[in-house]
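Novice: Before anything else, here's the structure in question.
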Amino acid sequence: MGEKKEWHSVTLDQDICKGCTNCLKNCPTQAIRIQNSKAKILKERCIDCGVCIRVCPYHAKKAVTDSLDIPDTYKYKVALIAPAFYGQFSRAENIGMILSAVRKMGFDDVFEVARGAQAISERTRELLESGELLKPTISSACPAVVKLITIRFPNLISHIIPLKAPMEIAAAMARREAVKKTGLKPEEIAIIFVSPCAAKATEVRLAKTDGKSDVDFVVSMKEVYLKMAQQIGKMTEEDIDRGSVSGKESILWAVSGGEANATHTERNISVDGIDNVIRVLEDMDDEKLKDIDYIEALACPGGCVGGPLTAENNFVARSRLSALVKSIADVGESVDSDIGAAWDRPIVYRPVMKLNTDMKRAMEMIMKIDEFCENLPGLDCGSCGSPSCRCFAEDVVKGYANPDDCVFRLKERMLDFKEKYEKLMEERSEQDEG
Ligand code: SF4
Ligand code: SF4
């Protein structure tokens with residue numbers, strides 16, 4: 001289907017896939033088809049939201065991340081810890097315990113992504129006050145949402161705040177701090193992000209190809225969790241060598257509402273879960289949200305704590321985070337203001353959902369689709385391998401699917417054929433008798 005070569009963390013294991021259509025029916029960008037009883041991801045439409053990973057009952061969808069075996073060419077290894085990680089452990093009494101346990105796993109140091117979030121919150125407030133931003137301004141923190149906007153909401157691209165995600169800022173800060181501490185060259189230091197989601201793994205891999213990421217490796221939060229969950233239980237106060245230097249406000253970026261709260265705006269929206277995000281963006285596209293200043297939009301349910309690579313369910317993680325930040329100050333240690341928070345890659349429209357870039361041709365296709373749809377049952381059953389009857393009609397008109405892939409149409413054609421055949425036989429016997 002005209003797929004552009006691109007890398008995605010979300011992948012399918014065809015040997016495990018049973019073609020059950022669960023992912024097909026839930027993908028928010030209609031990026032999945034079933035062919036020969038196996039799912040297939042249309043890469044150009046995939047935003048790495050991870051919904052298909054969550055809904056596949058057979059675990060055939062996976063997020064590809066880097067291995068924890070970091071090459072020895074790196075002399076100093078820094079783990080970059082997203083605040084969602086703090087909510088994963090039932091036995092952690094404070095954040096220092098978690099950060100120290102990460103170091104004990106073999107990292108030379110740990111750095112909190114929440115410090116990057118603090119820098120972004122400060123810059124966001126400045127930009128909002130300056131009046132330079134289009135309102136409502138949309139957060140750029142969730143790469144799945146940014147990707148969704150680039151393929152489905154071109155009119156909203158100019159509303160995305162031109163700032164990097166906290167992970168990137170934190171990576172730059174971590175490298176700078178490590179160079180200062182060790183005297184090593186920047187390239188001798190490995191920055192390893194412990195990720196709650198596939199979208200960030202994809203984002204880093206793509207940014208690295210342009211030389212625009214300070215993150216060297218992205219590892220799965222679940223994998224790190226499994227390696228240190230037991231260790232946390234054995235830790236005592238004496239084992240804590242590293243406390244948190246972040247504030248409550250930036251740690252709570254891990255849950256929906258946290259980032260919006262840190263903008264200090266009154267008229268903001270926090271929306272989580274990709275279907276809810278789509279509804280809000282559709283309203284914004286219809287110019288219904290003119291009274292809103294800021295939109296925090298997160299693809300995962302509950303925010304980053306609901307990422308597909310987390311170990312704990314998002315409700316439990318949220319509750320634990322609230323308890324962990326109770327005794328922490330609102331704002332953490334001051335952060336570098338000259339770290340270069342401005343977005344450094346263009347966000348461009350990718351018309352992958354469009355029928356055709358030529359308007360006349362697109363109109364002709366719409367008419368053919370409408371006509372074809374009239375002969376479809378409208379059940380959106382998925383048995384043709386497309387997510388809906390409308391989508392199947394599109395696939396047929398584009399030449400990607402066969403009209404007889406619809407079992408209902410095929411059945412009707414068979415009945416029609418049977419009727420004609422019986423009539424013909426009847427006429428023949430009448431002629432023979434006459
Ligand atoms: S949910 Fe998708 S990937 Fe998983 S078995 Fe069903 S069709 Fe295959
Ligand atoms: S990651 Fe999201 S967009 Fe990509 S195929 Fe899965 S559900 Fe669809």
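Letters for chains follow the order of the structure tokens (A, B, ...), residue numbers begin at 1 for each chain, and ligand numbers begin at 1 in the order shown.
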Which residues form the shell of 10 Å around ligand 1 when you count only C-alpha atoms and all ligand atoms, given as a ChimeraX atom specification?

Specialist: /A:11-27,32-35,37-41,51-62,385

Novice: What is the atom CA of A:Lys234-atom CA of A:Arg91 distance in Å, reported with one decimal?

Specialist: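 Those two atoms sit 9.2 Å apart.
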
Novice: Please provide as a list of chain:residue names all residues within 10 Å of A:Asn276, with the sequence filter that same-chain residues fewer than 6 positions apart are discarded (counting only C-alpha atoms).

Specialist: A:Glu282, A:Ala297, A:Leu298, A:Ala299, A:Pro301

Novice: Generate a file of the selected residues that holds all heavy atoms, formatted as a PDB file, in the first residue's frame.

Specialist:
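What landed in result-v3.pdb:
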```pdb
ATOM      1  N   GLU A 282     -10.831  17.001  17.186  1.00  0.00           N
ATOM      2  CA  GLU A 282     -11.890  17.255  16.195  1.00  0.00           C
ATOM      3  C   GLU A 282     -12.665  18.528  16.577  1.00  0.00           C
ATOM      4  O   GLU A 282     -12.960  19.361  15.728  1.00  0.00           O
ATOM      5  CB  GLU A 282     -12.858  16.065  16.117  1.00  0.00           C
ATOM      6  CG  GLU A 282     -12.294  14.933  15.272  1.00  0.00           C
ATOM      7  CD  GLU A 282     -13.107  13.640  15.326  1.00  0.00           C
ATOM      8  OE1 GLU A 282     -14.022  13.530  16.183  1.00  0.00           O
ATOM      9  OE2 GLU A 282     -12.798  12.739  14.545  1.00  0.00           O
ATOM     10  N   ALA A 297      -2.484  16.747  25.843  1.00  0.00           N
ATOM     11  CA  ALA A 297      -3.124  15.590  25.204  1.00  0.00           C
ATOM     12  C   ALA A 297      -2.170  14.409  25.247  1.00  0.00           C
ATOM     13  O   ALA A 297      -1.069  14.473  24.721  1.00  0.00           O
ATOM     14  CB  ALA A 297      -3.482  15.930  23.765  1.00  0.00           C
ATOM     15  N   LEU A 298      -2.608  13.335  25.908  1.00  0.00           N
ATOM     16  CA  LEU A 298      -1.753  12.160  26.093  1.00  0.00           C
ATOM     17  C   LEU A 298      -2.439  10.921  25.551  1.00  0.00           C
ATOM     18  O   LEU A 298      -3.603  10.654  25.875  1.00  0.00           O
ATOM     19  CB  LEU A 298      -1.427  11.989  27.589  1.00  0.00           C
ATOM     20  CG  LEU A 298      -0.714  13.200  28.223  1.00  0.00           C
ATOM     21  CD1 LEU A 298      -0.753  13.123  29.731  1.00  0.00           C
ATOM     22  CD2 LEU A 298       0.713  13.313  27.732  1.00  0.00           C
ATOM     23  N   ALA A 299      -1.729  10.163  24.725  1.00  0.00           N
ATOM     24  CA  ALA A 299      -2.335   9.017  24.036  1.00  0.00           C
ATOM     25  C   ALA A 299      -2.723   7.883  24.986  1.00  0.00           C
ATOM     26  O   ALA A 299      -3.673   7.149  24.733  1.00  0.00           O
ATOM     27  CB  ALA A 299      -1.371   8.491  22.976  1.00  0.00           C
ATOM     28  N   PRO A 301      -4.042   5.873  28.410  1.00  0.00           N
ATOM     29  CA  PRO A 301      -5.064   6.113  29.447  1.00  0.00           C
ATOM     30  C   PRO A 301      -4.423   6.504  30.777  1.00  0.00           C
ATOM     31  O   PRO A 301      -3.547   5.810  31.271  1.00  0.00           O
ATOM     32  CB  PRO A 301      -5.795   4.766  29.552  1.00  0.00           C
ATOM     33  CG  PRO A 301      -4.953   3.775  28.814  1.00  0.00           C
ATOM     34  CD  PRO A 301      -4.057   4.511  27.879  1.00  0.00           C
TER      35      PRO A 301
END
```

Novice: When you look at A:Thr182 with a cut-off of 10 Å (counting only C-alpha atoms), what residues show up, excluding the ones that are within fewer than 4 positions of it in the same chain? I need them as a list of chain:residue names.

Specialist: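 Near A:Thr182, the qualifying residues are A:Lys75, A:Tyr76, A:Glu177, A:Ala178, A:Ile189.
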
Novice: Determine the nearest neighbour of A:Ser319 from the options A:Val331, A:Ala84, A:Ala31, A:Pro196, counting only C-alpha atoms.

Specialist: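 Checking each candidate against A:Ser319, we get A:Ala84 as the closest.
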
Novice: My list of candidates is A:Leu80, A:Leu148, A:Ile95, A:Leu355. Which is closest to ligand 2 when distances are computed with only C-alpha atoms and all ligand atoms?

Specialist: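 Smallest separation from ligand 2 among the options: A:Leu148.
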
Novice: Write out as a ChimeraX atom specification all residues of stretch 377-418 of chain A that DSSP puts in helix (DSSP H, G or I) for this structure's backbone.

Specialist: /A:389-398,403-405,407-418

Novice: Grab the atom CA of A:Ala401 to atom CA of A:Gly378 distance for me, in Å with one decimal place.

Specialist: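 Between these atoms lies a distance of 16.9 Å.
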
Novice: Need the shell around A:Glu237: protein/DNA/RNA residues with any atom at most 10 Å away, counting only C-alpha atoms. Skip same-chain ones fewer than 4 positions apart. Format as number ranges by chain?

Specialist: A: 93-94, 96-97, 241

Novice: What does the distance from atom CA of A:Tyr421 to atom CA of A:Asn375 come to in Å, to one decimal?

Specialist: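 Computed distance, atom CA of A:Tyr421 to atom CA of A:Asn375, equals 22.2 Å.
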
Novice: I need the residues in stretch 148-330 of chain A that are strand (DSSP E) according to DSSP; give them as a list in words.

Specialist: Ile189, Ala190, Ile191, Ile192, Phe193, Val194, Ser195, Phe217, Val218, Val219, Ser220, Asn268, Ile269, Ser270, Val271, Asp272, Tyr294, Ile295, Glu296, Ala297 and Leu298 of chain A

Novice: Given only C-alpha atoms as the basis, pick out the residue of A:Ser322, A:Ala201, A:Val64, A:Tyr400 nearest to A:Asp216.

Specialist: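 Ranking A:Ser322, A:Ala201, A:Val64, A:Tyr400 by distance to A:Asp216, first place goes to A:Ala201.
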
Novice: Under the rule that only C-alpha atoms and all ligand atoms are counted, which of A:Tyr86, A:Trp7, A:Phe408, A:Trp253 is the nearest residue to ligand 2?

Specialist: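 Closest to ligand 2, using only C-alpha atoms and all ligand atoms: A:Trp7.
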
Novice: Between A:Met235, A:Cys381, A:Val352, A:Ala170, which has the minimum distance to A:Lys147 (counting only C-alpha atoms)?

Specialist: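 Selected residue with least distance to A:Lys147: A:Val352.
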
Novice: Considering only C-alpha atoms, return as a PyMOL selection string whatever protein or nucleic-acid residues lie within 12 Å of A:Glu129, sequence-local ones (same chain, fewer than 4 positions apart) excluded.

Specialist: chain A and resi 122-125+133-135+137+263-265+293-294

Novice: Hey, which of A:Ile149, A:Ala311, A:Leu99, A:Met359 ends up closest to A:Val280? Count only C-alpha atoms.

Specialist: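 For A:Val280, the nearest of the given residues is A:Ile149.
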
Novice: Can you pull out the residues contacting A:Ala329? Cut-off 12 Å, using only C-alpha atoms, and skip same-chain residues under 2 positions away; I want them as a ChimeraX atom specification.

Specialist: /A:244-251,324-327,331-333
